[in-house]
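Content type compact mmCIF, C-alpha atoms, from the file target-v3.txt:
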```
# COMPACT_ATOMS: atom_id res chain seq x y z
CA MET A 29 14.64 29.77 5.04
CA THR A 30 13.13 26.67 6.61
CA GLN A 31 12.05 23.64 4.67
CA THR A 32 8.44 22.55 4.58
CA THR A 33 7.64 19.52 6.70
CA LEU A 34 3.92 19.35 5.90
CA LEU A 35 2.13 19.39 2.53
CA GLN A 36 -1.66 19.40 2.26
CA TYR A 37 -4.38 18.56 -0.24
CA GLU A 38 -8.15 18.70 0.03
CA ALA A 39 -9.90 16.19 -2.22
CA PRO A 40 -13.45 16.77 -3.53
CA TRP A 41 -14.52 13.45 -1.98
CA PRO A 42 -13.61 11.14 0.93
CA VAL A 43 -10.31 9.42 0.13
CA HIS A 44 -9.90 5.69 0.66
CA ALA A 45 -7.10 4.16 -1.43
CA LEU A 46 -3.81 6.05 -1.55
CA ASP A 47 -0.31 5.45 -2.95
CA TRP A 48 2.85 7.49 -3.52
CA CYS A 49 4.57 7.11 -6.87
CA LYS A 50 7.61 4.85 -6.74
CA SER A 51 9.78 6.74 -9.23
CA THR A 52 9.99 10.02 -11.12
CA ALA A 53 8.17 10.45 -14.41
CA PRO A 54 9.86 9.10 -17.58
CA GLY A 55 12.22 11.72 -18.98
CA HIS A 56 11.79 13.98 -15.95
CA GLN A 57 14.56 12.70 -13.69
CA SER A 58 15.95 16.22 -13.72
CA ARG A 59 12.60 17.58 -12.54
CA PRO A 60 12.29 15.93 -9.16
CA ARG A 61 8.92 17.48 -8.46
CA SER A 62 7.47 14.43 -10.23
CA ALA A 63 8.63 12.38 -7.22
CA PHE A 64 5.78 14.13 -5.36
CA ARG A 65 2.80 12.50 -7.05
CA LEU A 66 0.02 10.63 -5.31
CA GLY A 67 -2.62 8.30 -6.66
CA ILE A 68 -5.88 8.56 -4.71
CA ALA A 69 -9.31 6.96 -4.95
CA SER A 70 -12.67 8.02 -3.56
CA PHE A 71 -15.04 6.13 -1.31
CA SER A 72 -18.75 6.63 -1.81
CA GLU A 73 -21.38 3.91 -1.61
CA ASP A 74 -22.53 4.23 -5.19
CA TYR A 75 -21.23 3.71 -8.71
CA ARG A 76 -19.79 7.22 -9.10
CA ASN A 77 -16.35 6.78 -7.60
CA ARG A 78 -13.25 8.47 -8.99
CA ILE A 79 -9.52 7.99 -9.02
CA ALA A 80 -7.11 10.88 -9.42
CA ILE A 81 -3.44 11.73 -9.64
CA VAL A 82 -2.33 14.78 -7.70
CA GLY A 83 1.03 16.52 -7.90
CA LEU A 84 2.88 19.51 -6.53
CA GLN A 85 1.45 22.89 -7.40
CA ASP A 86 4.97 24.31 -7.55
CA GLU A 87 8.35 23.11 -6.33
CA ARG A 88 8.59 26.22 -4.20
CA VAL A 89 5.98 24.86 -1.79
CA LEU A 90 8.81 22.62 -0.50
CA VAL A 91 10.45 25.68 1.09
CA GLU A 92 8.30 27.82 3.35
CA ASP A 93 7.85 31.02 1.45
CA ASP A 94 4.92 33.03 0.08
CA TYR A 95 3.06 30.00 -1.20
CA THR A 96 0.93 29.29 1.86
CA ASP A 97 -2.15 30.83 0.22
CA TYR A 98 -2.28 28.12 -2.40
CA PRO A 99 -2.82 24.36 -2.18
CA ASP A 100 0.43 22.39 -2.08
CA PHE A 101 -1.01 19.68 -4.34
CA VAL A 102 -3.32 20.08 -7.31
CA THR A 103 -5.27 17.52 -9.31
CA LEU A 104 -3.37 16.57 -12.45
CA VAL A 105 -5.93 14.19 -13.92
CA GLU A 106 -8.85 12.03 -12.80
CA ALA A 107 -11.02 9.22 -14.14
CA ASN A 108 -14.25 7.39 -13.37
CA HIS A 109 -13.93 4.18 -11.41
CA GLY A 110 -17.51 3.02 -10.73
CA TYR A 111 -17.36 0.98 -7.54
CA PRO A 112 -14.85 2.18 -4.92
CA ALA A 113 -11.24 1.12 -5.42
CA THR A 114 -10.29 -1.22 -2.57
CA ASN A 115 -6.60 -0.67 -3.37
CA LEU A 116 -4.61 1.56 -5.71
CA GLN A 117 -0.91 1.25 -6.51
CA TRP A 118 1.61 2.85 -8.81
CA GLN A 119 3.81 0.54 -10.86
CA PRO A 120 6.91 -0.74 -9.00
CA ALA A 121 10.12 1.17 -9.66
CA SER A 122 11.36 -1.85 -11.64
CA ALA A 123 8.54 -1.43 -14.19
CA SER A 124 10.35 1.33 -16.11
CA GLY A 125 13.11 -1.13 -17.07
CA PHE A 126 10.76 -3.99 -17.91
CA SER A 127 10.18 -4.92 -21.57
CA TRP A 128 6.39 -4.58 -21.83
CA THR A 129 4.71 -5.79 -25.00
CA GLY A 130 1.84 -3.33 -25.10
CA LYS A 131 2.84 -0.21 -23.17
CA ALA A 132 4.00 3.10 -24.59
CA PRO A 133 7.46 4.05 -23.28
CA ALA A 134 6.18 7.39 -21.95
CA ALA A 135 3.32 5.77 -20.03
CA GLU A 136 3.34 4.83 -16.37
CA LEU A 137 1.00 2.17 -15.05
CA LEU A 138 -1.33 2.25 -12.09
CA ALA A 139 -3.58 -0.56 -10.94
CA THR A 140 -6.77 -0.67 -8.88
CA THR A 141 -9.00 -3.39 -7.50
CA GLY A 142 -12.76 -3.29 -6.99
CA ASP A 143 -15.16 -5.33 -9.05
CA ALA A 144 -12.15 -6.15 -11.26
CA LEU A 145 -8.38 -5.66 -11.48
CA ARG A 146 -7.91 -2.57 -13.61
CA VAL A 147 -4.63 -1.47 -15.13
CA TRP A 148 -4.40 2.22 -16.07
CA GLU A 149 -1.98 4.06 -18.33
CA TYR A 150 -0.92 7.50 -17.18
CA PHE A 151 0.78 9.98 -19.47
CA GLY A 152 2.14 12.92 -17.51
CA ASP A 153 3.48 16.03 -19.13
CA ALA A 154 5.34 18.38 -16.80
CA PRO A 155 4.02 21.93 -17.11
CA PRO A 156 6.35 24.80 -18.10
CA ALA A 157 9.20 25.47 -15.68
CA SER A 158 7.35 27.95 -13.50
CA SER A 159 4.09 29.64 -14.34
CA ALA A 160 3.53 33.18 -13.14
CA TYR A 161 -0.01 32.22 -12.20
CA VAL A 162 0.78 30.20 -9.10
CA GLY A 163 -2.79 29.92 -7.88
CA ARG A 164 -4.29 28.79 -11.17
CA GLN A 165 -5.36 25.18 -11.46
CA PRO A 166 -3.57 23.39 -14.27
CA THR A 167 -5.80 22.70 -17.22
CA GLY A 168 -4.77 19.07 -17.47
CA GLY A 169 -2.29 20.02 -20.21
CA GLY A 170 -0.73 16.76 -21.27
CA HIS A 171 -2.01 14.57 -18.45
CA ARG A 172 -4.04 11.52 -19.51
CA LEU A 173 -5.28 8.62 -17.42
CA THR A 174 -6.87 5.87 -19.48
CA LEU A 175 -8.07 2.36 -18.70
CA LYS A 176 -5.76 -0.18 -20.33
CA THR A 177 -7.31 -3.49 -19.20
CA ALA A 178 -9.96 -4.74 -16.80
CA LEU A 179 -9.42 -8.31 -15.61
CA SER A 180 -12.11 -10.28 -13.79
CA GLY A 181 -11.81 -13.99 -14.27
CA GLN A 182 -14.37 -16.70 -13.69
CA SER A 183 -14.57 -17.74 -10.08
CA LYS A 184 -13.69 -21.25 -8.97
CA VAL A 185 -16.37 -21.15 -6.31
CA GLN A 186 -19.14 -18.94 -7.72
CA SER A 187 -21.07 -19.42 -10.93
CA GLN A 188 -22.04 -15.86 -11.88
CA SER A 189 -20.55 -14.43 -15.02
CA THR A 190 -18.91 -11.39 -13.42
CA GLY A 191 -16.02 -11.90 -11.07
CA PRO A 192 -16.62 -11.47 -7.34
CA PRO A 193 -15.31 -8.29 -5.67
CA LEU A 194 -11.55 -8.03 -5.14
CA THR A 195 -10.36 -6.81 -1.76
CA SER A 196 -6.70 -6.03 -2.50
CA PHE A 197 -3.68 -6.89 -4.64
CA SER A 198 0.11 -7.02 -4.59
CA TRP A 199 2.33 -5.96 -7.48
CA ASN A 200 5.51 -7.99 -7.88
CA GLU A 201 8.62 -5.84 -7.65
CA LYS A 202 10.96 -8.34 -9.34
CA ALA A 203 8.61 -9.23 -12.21
CA PRO A 204 6.24 -6.26 -12.62
CA SER A 205 4.03 -8.17 -15.04
CA LEU A 206 2.85 -10.31 -12.07
CA VAL A 207 -0.03 -9.17 -9.87
CA VAL A 208 -1.79 -11.31 -7.28
CA THR A 209 -5.33 -10.36 -6.22
CA SER A 210 -7.43 -11.41 -3.22
CA SER A 211 -11.20 -11.85 -3.31
CA ILE A 212 -14.21 -12.25 -1.04
CA ASP A 213 -14.86 -15.59 -2.77
CA THR A 214 -11.94 -17.18 -0.77
CA THR A 215 -9.57 -17.20 -3.76
CA CYS A 216 -6.35 -15.54 -4.80
CA THR A 217 -5.53 -15.12 -8.49
CA VAL A 218 -2.10 -14.54 -10.03
CA TRP A 219 -2.31 -12.45 -13.21
CA ASN A 220 0.11 -11.61 -15.98
CA ILE A 221 -0.99 -8.03 -16.68
CA ASP A 222 1.26 -7.80 -19.74
CA THR A 223 -0.66 -10.54 -21.53
CA SER A 224 -3.95 -9.98 -19.62
CA THR A 225 -4.16 -13.62 -18.59
CA ALA A 226 -4.74 -15.42 -15.31
CA ILE A 227 -1.79 -17.67 -14.49
CA THR A 228 -3.45 -19.50 -11.63
CA GLN A 229 -6.37 -19.20 -9.24
CA LEU A 230 -6.40 -21.01 -5.93
CA ILE A 231 -8.77 -21.35 -3.01
CA ALA A 232 -6.64 -19.68 -0.37
CA HIS A 233 -8.82 -19.45 2.75
CA ASP A 234 -12.00 -20.82 4.28
CA ARG A 235 -13.62 -17.39 4.13
CA GLU A 236 -13.05 -14.00 2.47
CA VAL A 237 -9.44 -13.07 1.67
CA TYR A 238 -8.73 -9.47 2.70
CA ASP A 239 -5.13 -8.82 1.72
CA VAL A 240 -2.19 -10.39 -0.10
CA ALA A 241 1.54 -9.64 -0.44
CA TRP A 242 4.41 -11.02 -2.48
CA LEU A 243 7.50 -12.04 -0.56
CA PRO A 244 10.07 -9.33 -1.45
CA GLY A 245 12.53 -10.59 -4.04
CA SER A 246 10.42 -13.63 -4.93
CA THR A 247 8.23 -14.35 -7.94
CA ASP A 248 6.92 -17.59 -6.40
CA ILE A 249 5.92 -17.00 -2.78
CA PHE A 250 3.09 -14.80 -1.52
CA VAL A 251 1.12 -14.58 1.71
CA SER A 252 -2.51 -13.76 2.41
CA VAL A 253 -4.79 -12.97 5.35
CA GLY A 254 -8.53 -13.22 5.67
CA ALA A 255 -11.76 -13.52 7.60
CA ASP A 256 -10.87 -17.00 8.85
CA GLY A 257 -8.20 -15.37 11.03
CA SER A 258 -5.25 -17.08 9.38
CA LEU A 259 -2.07 -15.89 7.67
CA ARG A 260 -1.04 -18.33 4.95
CA ALA A 261 1.90 -18.64 2.59
CA PHE A 262 1.73 -20.07 -0.93
CA ASP A 263 4.48 -21.17 -3.28
CA LEU A 264 3.58 -21.25 -6.98
CA ARG A 265 6.09 -24.08 -7.44
CA SER A 266 4.07 -26.38 -5.14
CA LEU A 267 0.44 -25.34 -4.93
CA GLU A 268 -0.78 -28.66 -3.50
CA HIS A 269 -0.55 -27.20 -0.02
CA SER A 270 -0.22 -23.90 1.78
CA THR A 271 1.65 -23.09 4.96
CA ILE A 272 -0.32 -21.60 7.84
CA LEU A 273 2.07 -19.14 9.46
CA TYR A 274 -0.33 -17.78 12.07
CA GLU A 275 -3.88 -18.31 13.25
CA THR A 276 -5.59 -15.83 15.49
CA PRO A 277 -6.77 -17.03 18.86
CA ALA A 278 -10.55 -17.27 19.11
CA PRO A 279 -12.12 -14.14 20.62
CA LYS A 280 -12.54 -14.33 24.38
CA SER A 281 -16.07 -12.96 24.28
CA GLY A 282 -19.04 -14.27 22.34
CA PRO A 283 -20.40 -17.78 21.94
CA THR A 284 -17.93 -20.59 22.36
CA ALA A 285 -20.03 -23.07 20.44
CA ALA A 286 -19.89 -23.11 16.66
CA SER A 287 -22.36 -20.83 14.95
CA ALA A 288 -25.11 -21.96 12.61
CA SER A 289 -22.65 -22.02 9.75
CA SER A 290 -20.51 -24.40 11.86
CA ARG A 291 -17.61 -21.95 11.74
CA LEU A 292 -15.73 -21.31 14.91
CA PRO A 293 -15.51 -17.64 15.85
CA THR A 294 -12.24 -16.14 14.73
CA SER A 295 -10.81 -12.67 14.65
CA PRO A 296 -10.31 -11.73 10.98
CA LEU A 297 -6.92 -10.42 9.86
CA LEU A 298 -7.27 -7.36 7.64
CA ARG A 299 -3.83 -6.40 6.30
CA ILE A 300 -0.43 -7.97 5.71
CA ALA A 301 2.85 -6.22 4.84
CA PHE A 302 6.47 -7.34 4.64
CA ASN A 303 9.37 -5.38 6.05
CA PRO A 304 11.21 -4.59 2.78
CA ALA A 305 14.57 -4.38 4.60
CA ASP A 306 14.19 -7.89 6.06
CA SER A 307 11.49 -10.05 4.53
CA ASN A 308 11.55 -12.49 7.45
CA TYR A 309 9.32 -10.00 9.23
CA MET A 310 5.79 -8.98 8.37
CA SER A 311 3.08 -7.01 10.11
CA THR A 312 -0.64 -7.65 10.42
CA PHE A 313 -3.62 -6.50 12.49
CA HIS A 314 -7.07 -7.74 13.37
CA MET A 315 -10.42 -6.36 12.37
CA ASP A 316 -11.41 -3.87 15.12
CA GLY A 317 -8.01 -4.49 16.75
CA GLN A 318 -5.94 -1.78 18.44
CA ASP A 319 -2.62 -3.68 18.37
CA VAL A 320 -0.31 -4.58 15.50
CA GLN A 321 1.39 -7.98 15.37
CA ILE A 322 4.89 -8.51 13.94
CA LEU A 323 5.50 -12.08 12.76
CA ASP A 324 8.74 -13.83 11.88
CA MET A 325 8.55 -16.40 9.08
CA ARG A 326 11.27 -18.42 10.83
CA SER A 327 9.18 -18.87 13.97
CA PRO A 328 5.56 -19.06 12.82
CA GLY A 329 2.64 -19.60 15.13
CA GLN A 330 2.72 -16.51 17.27
CA PRO A 331 3.83 -12.87 16.96
CA VAL A 332 7.40 -12.03 17.96
CA ILE A 333 6.49 -8.38 18.61
CA GLU A 334 3.22 -6.68 19.47
CA LEU A 335 2.86 -2.91 19.07
CA ARG A 336 0.48 -1.35 21.56
CA GLY A 337 -0.06 2.36 21.16
CA HIS A 338 -3.42 2.96 19.50
CA ARG A 339 -6.56 3.61 21.54
CA ALA A 340 -9.01 2.68 18.79
CA GLN A 341 -9.05 0.31 15.84
CA VAL A 342 -6.07 0.30 13.48
CA ASN A 343 -6.94 1.04 9.85
CA ALA A 344 -3.64 1.07 7.98
CA MET A 345 0.07 0.37 8.24
CA GLY A 346 3.13 0.60 6.02
CA TRP A 347 6.88 -0.01 6.14
CA SER A 348 9.36 2.62 5.09
CA THR A 349 11.83 1.67 2.38
CA THR A 350 14.98 2.68 4.25
CA ASP A 351 17.45 0.14 5.62
CA ARG A 352 16.31 0.88 9.17
CA PRO A 353 12.89 -0.76 9.54
CA THR A 354 10.26 1.84 10.46
CA LEU A 355 6.59 0.92 10.55
CA ALA A 356 3.83 3.53 10.39
CA THR A 357 0.41 2.69 11.80
CA ALA A 358 -2.79 4.74 11.79
CA GLY A 359 -6.24 4.36 13.21
CA ASP A 360 -9.58 5.66 14.38
CA ASP A 361 -7.91 7.37 17.36
CA CYS A 362 -6.74 10.05 14.85
CA GLN A 363 -3.15 9.00 15.55
CA VAL A 364 -0.31 8.14 13.19
CA LEU A 365 2.45 6.31 15.08
CA LEU A 366 5.97 5.54 13.86
CA TRP A 367 7.75 2.51 15.29
CA ASP A 368 11.51 1.91 15.04
CA LEU A 369 11.88 -1.86 15.12
CA ALA A 370 15.58 -2.13 14.28
CA THR A 371 16.54 -3.08 17.83
CA TYR A 372 13.88 -5.81 17.97
CA THR A 373 14.41 -7.41 14.54
CA GLN A 374 17.94 -8.74 14.55
CA THR A 375 18.76 -10.58 11.34
CA ALA A 376 21.77 -12.58 12.53
CA THR A 377 19.94 -15.89 12.93
CA SER A 378 19.22 -18.09 9.92
CA PRO A 379 18.72 -15.61 7.10
CA ARG A 380 16.33 -16.83 4.43
CA THR A 381 16.79 -15.97 0.79
CA ALA A 382 13.93 -15.38 -1.61
CA ASN A 383 14.70 -18.64 -3.40
CA SER A 384 14.57 -20.90 -0.37
CA ARG A 385 11.47 -22.84 0.51
CA LEU A 386 9.20 -22.04 3.40
CA ASN A 387 11.06 -23.83 6.14
CA SER A 388 14.06 -23.23 8.45
CA PRO A 389 12.08 -22.48 11.61
CA ARG A 390 13.81 -20.96 14.60
CA PRO A 391 13.46 -21.94 18.24
CA ASP A 392 10.49 -20.34 19.97
CA VAL A 393 10.99 -16.62 20.40
CA LYS A 394 9.32 -14.88 23.30
CA LYS A 395 6.92 -12.11 22.26
CA ARG A 396 8.11 -8.57 22.93
CA VAL A 397 5.52 -5.91 23.66
CA VAL A 398 6.47 -2.43 22.43
CA ASN A 399 4.51 0.51 23.83
CA ASP A 400 6.65 3.47 22.78
CA PRO A 401 6.55 4.76 19.20
CA ILE A 402 9.35 7.10 18.12
CA MET A 403 6.91 9.65 16.72
CA ALA A 404 3.21 10.41 16.96
CA TYR A 405 1.14 12.72 14.78
CA SER A 406 -2.42 13.72 15.63
CA ALA A 407 -4.79 14.23 12.71
CA SER A 408 -8.06 16.15 12.89
CA SER A 409 -10.16 13.02 12.35
CA GLU A 410 -9.85 9.25 11.92
CA VAL A 411 -6.95 8.23 9.67
CA THR A 412 -8.12 5.73 7.08
CA ASN A 413 -4.98 5.09 5.05
CA LEU A 414 -1.30 5.93 4.63
CA ALA A 415 1.49 5.60 2.06
CA TRP A 416 5.26 6.09 2.25
CA SER A 417 7.24 7.85 -0.43
CA PRO A 418 10.48 6.26 -1.59
CA GLN A 419 13.65 8.04 -0.49
CA ILE A 420 13.45 11.36 -2.35
CA PRO A 421 16.80 12.99 -3.16
CA GLY A 422 17.49 16.59 -2.26
CA MET A 423 16.83 19.13 -4.96
CA THR A 424 18.05 22.60 -5.82
CA MET A 425 15.47 24.92 -7.33
CA ASN A 426 15.95 27.70 -9.83
CA THR A 427 15.39 30.16 -6.96
CA GLY A 428 18.58 28.86 -5.33
CA HIS A 429 16.77 27.16 -2.46
CA SER A 430 17.52 23.53 -1.79
CA THR A 431 15.79 20.72 0.09
CA ALA A 432 17.26 17.87 2.08
CA PRO A 433 16.75 14.25 1.02
CA GLY A 434 14.35 12.11 2.97
CA GLU A 435 11.10 10.21 3.11
CA TRP A 436 7.54 11.51 3.30
CA LEU A 437 4.46 9.83 4.72
CA ALA A 438 1.06 10.61 3.20
CA ILE A 439 -2.00 10.10 5.38
CA ALA A 440 -5.68 10.20 4.39
CA SER A 441 -8.24 11.52 6.84
CA GLY A 442 -11.71 12.15 5.44
CA LYS A 443 -11.21 14.39 2.39
CA SER A 444 -7.83 15.64 3.61
CA ILE A 445 -4.42 14.33 2.66
CA LYS A 446 -1.36 15.44 4.55
CA ALA A 447 2.20 14.57 3.59
CA LEU A 448 4.60 14.63 6.54
CA LYS A 449 8.37 14.86 6.16
CA VAL A 450 9.73 12.08 8.36
```

Would you put the structure from the file into structure tokens?
Amino acid sequence: MTQTTLLQYEAPWPVHALDWCKSTAPGHQSRPRSAFRLGIASFSEDYRNRIAIVGLQDERVLVEDDYTDYPDFVTLVEANHGYPATNLQWQPASASGFSWTGKAPAAELLATTGDALRVWEYFGDAPPASSAYVGRQPTGGGHRLTLKTALSGQSKVQSQSTGPPLTSFSWNEKAPSLVVTSSIDTTCTVWNIDTSTAITQLIAHDREVYDVAWLPGSTDIFVSVGADGSLRAFDLRSLEHSTILYETPAPKSGPTAASASSRLPTSPLLRIAFNPADSNYMSTFHMDGQDVQILDMRSPGQPVIELRGHRAQVNAMGWSTTDRPTLATAGDDCQVLLWDLATYTQTATSPRTANSRLNSPRPDVKKRVVNDPIMAYSASSEVTNLAWSPQIPGMTMNTGHSTAPGEWLAIASGKSIKALKV
């Protein structure tokens, strides 16, 4: 009997934000099906957006059998969200061992950004071992998704009472009470979500900030990208200045003179993500750009690697969590490309620990252009987002079938979500 390499789910609405749970449900480590849960959020241009948690219909869908007539994933619970969620994330794996002051032990946390940073409590209750009614939708048995807190602080640069829209956030793995958000009002805000307080807010860019990421292993350093075309690093221990790690070259086309707002034309940077296996390296891409840039913190100023494989704009990217750095990228060309960067990202020179300051540059490194991904998957329409699973252990089911360990990659394309075994 072969193992399934593709799982599918059709959402009732176009999916934008997407994340794979980082750990199994509390008390269900022996039921590894809870490793297959996704958080998803809708995108519609109104105030009727939703977020949902979907999970496996039945563990037996992981082995190709008689279950092809039924959806692989079913909706476990959903909630109203109002404005679209610009980002959605499950709690880091470290959150289950953190001593929260106001969280029930059985609850898992999710967070979303939109018009505010919202923290959600999810109570999941695994259904009975195996129902005879495979095709029946679960009735939401013990699943609850409730809003715990909504945080929208006063803006440093705008006077209205409600906070300006948030574009993204990063959840700190080492200290899961820390979340940093990015906003269109040029600021980043560091929150303590356990006490529902803002620790600091800083003007991070000259224009909108589009994405933000904590340095892996650090509770002090984070980076951000934005509409001014720069990638900047901040250290909470010395906020008087930031470090510009990269600035995009001005676009070749278009007016060379400054516009009416006296801003030089730049190419905005949309996303930033660290390689979790080696946090010297991070990936970014430009608005409307087809290439992905890999930057090395030790040699800032220009990319060390450029990935050229997409034929239309890139929409999403994500690093796998294995020791061998694999980057997935997806775009409007309906392609999902996997890049093995282990041979290009050698870590022998000047390793930097999470506690060191932002210095120790390396000599100039010549940019490598990589044109050949190790895997390509063609979706039926534009791919808007993706999310890696953690390494999921193999499991043996009560039918005697077993699955091999490995990682999965979830991709969102319109209303469809597909999970690919990598």

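Residue nearest Thr140 (chain A) within the list A:Ser224, A:Cys216, A:Ala63, A:Ala45: A:Ala45 [criterion: smallest interatomic distance, only C-alpha atoms].
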
Worksheet entry | Surrounding residues of Pro296 (chain A) excluding itself and chain neighbours under 5 positions, 10 Å, all atoms listed in the file, as number ranges by chain | A: 235-238, 253-259, 275-276, 278, 313-317

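For the set A:Ala404, A:Ala447, A:Ala226, A:Leu90, the residue with the smallest atom-to-atom gap to Thr30 (chain A) is A:Leu90, counting all atoms listed in the file.
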
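Going from CA of Asn115 (chain A) to CA of Val207 (chain A) covers 12.6 Å.
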
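For the choices A:Ser51, A:Val364, A:Lys449, A:Met425, the atom-to-atom distance to Ser409 (chain A) is smallest for A:Val364 when using all atoms listed in the file.
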
Practice prompt. Would you please work out which residue, of A:Ala178, A:Leu298, A:Ile68, A:Val218, is nearest to Phe262 (chain A) when using all atoms listed in the file?
Written response: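 Result for the nearest residue to Phe262 (chain A): A:Val218.
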
Practice prompt. May I ask for the distance between CA of Trp242 (chain A) and CA of Leu145 (chain A), given in Å to one decimal place?
Written response: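 That distance, rounded to one decimal, is 16.5 Å.
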
Worksheet item: Contacts of Arg146 (chain A) at 10 Å or less, counting only C-alpha atoms, minus same-chain residues fewer than 4 places along, as a list in words?
Response: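 So, after excluding close chain neighbours, the residues are His109, Ala113, Leu116, Leu138, Ala139, Thr140, Thr141, Gly142, Leu175, Lys176, Thr177, Ala178, Leu179, Ser180 and Ile221 of chain A.
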
Can you write just those residues out, C-alpha atoms, as a PDB file, in the coordinates of the input?
```pdb
ATOM      1  CA  HIS A 109     -13.930   4.180 -11.410  1.00  0.00           C
ATOM      2  CA  ALA A 113     -11.240   1.120  -5.420  1.00  0.00           C
ATOM      3  CA  LEU A 116      -4.610   1.560  -5.710  1.00  0.00           C
ATOM      4  CA  LEU A 138      -1.330   2.250 -12.090  1.00  0.00           C
ATOM      5  CA  ALA A 139      -3.580  -0.560 -10.940  1.00  0.00           C
ATOM      6  CA  THR A 140      -6.770  -0.670  -8.880  1.00  0.00           C
ATOM      7  CA  THR A 141      -9.000  -3.390  -7.500  1.00  0.00           C
ATOM      8  CA  GLY A 142     -12.760  -3.290  -6.990  1.00  0.00           C
ATOM      9  CA  LEU A 175      -8.070   2.360 -18.700  1.00  0.00           C
ATOM     10  CA  LYS A 176      -5.760  -0.180 -20.330  1.00  0.00           C
ATOM     11  CA  THR A 177      -7.310  -3.490 -19.200  1.00  0.00           C
ATOM     12  CA  ALA A 178      -9.960  -4.740 -16.800  1.00  0.00           C
ATOM     13  CA  LEU A 179      -9.420  -8.310 -15.610  1.00  0.00           C
ATOM     14  CA  SER A 180     -12.110 -10.280 -13.790  1.00  0.00           C
ATOM     15  CA  ILE A 221      -0.990  -8.030 -16.680  1.00  0.00           C
TER      16      ILE A 221
END
```

Output, as JSON, the centre and edge lengths in Å (one decimal) of the axis-aligned box that contains all listed atoms of region 71-85 of chain A with 6 Å of margin on each side.
```
{"center_x": -9.8, "center_y": 13.3, "center_z": -5.5, "size_x": 37.4, "size_y": 31.2, "size_z": 20.3}
```

Discussion item. Using Å and a single decimal, report how far CA of Thr223 (chain A) sits from CA of Trp128 (chain A).
Written reply: 9.2 Å
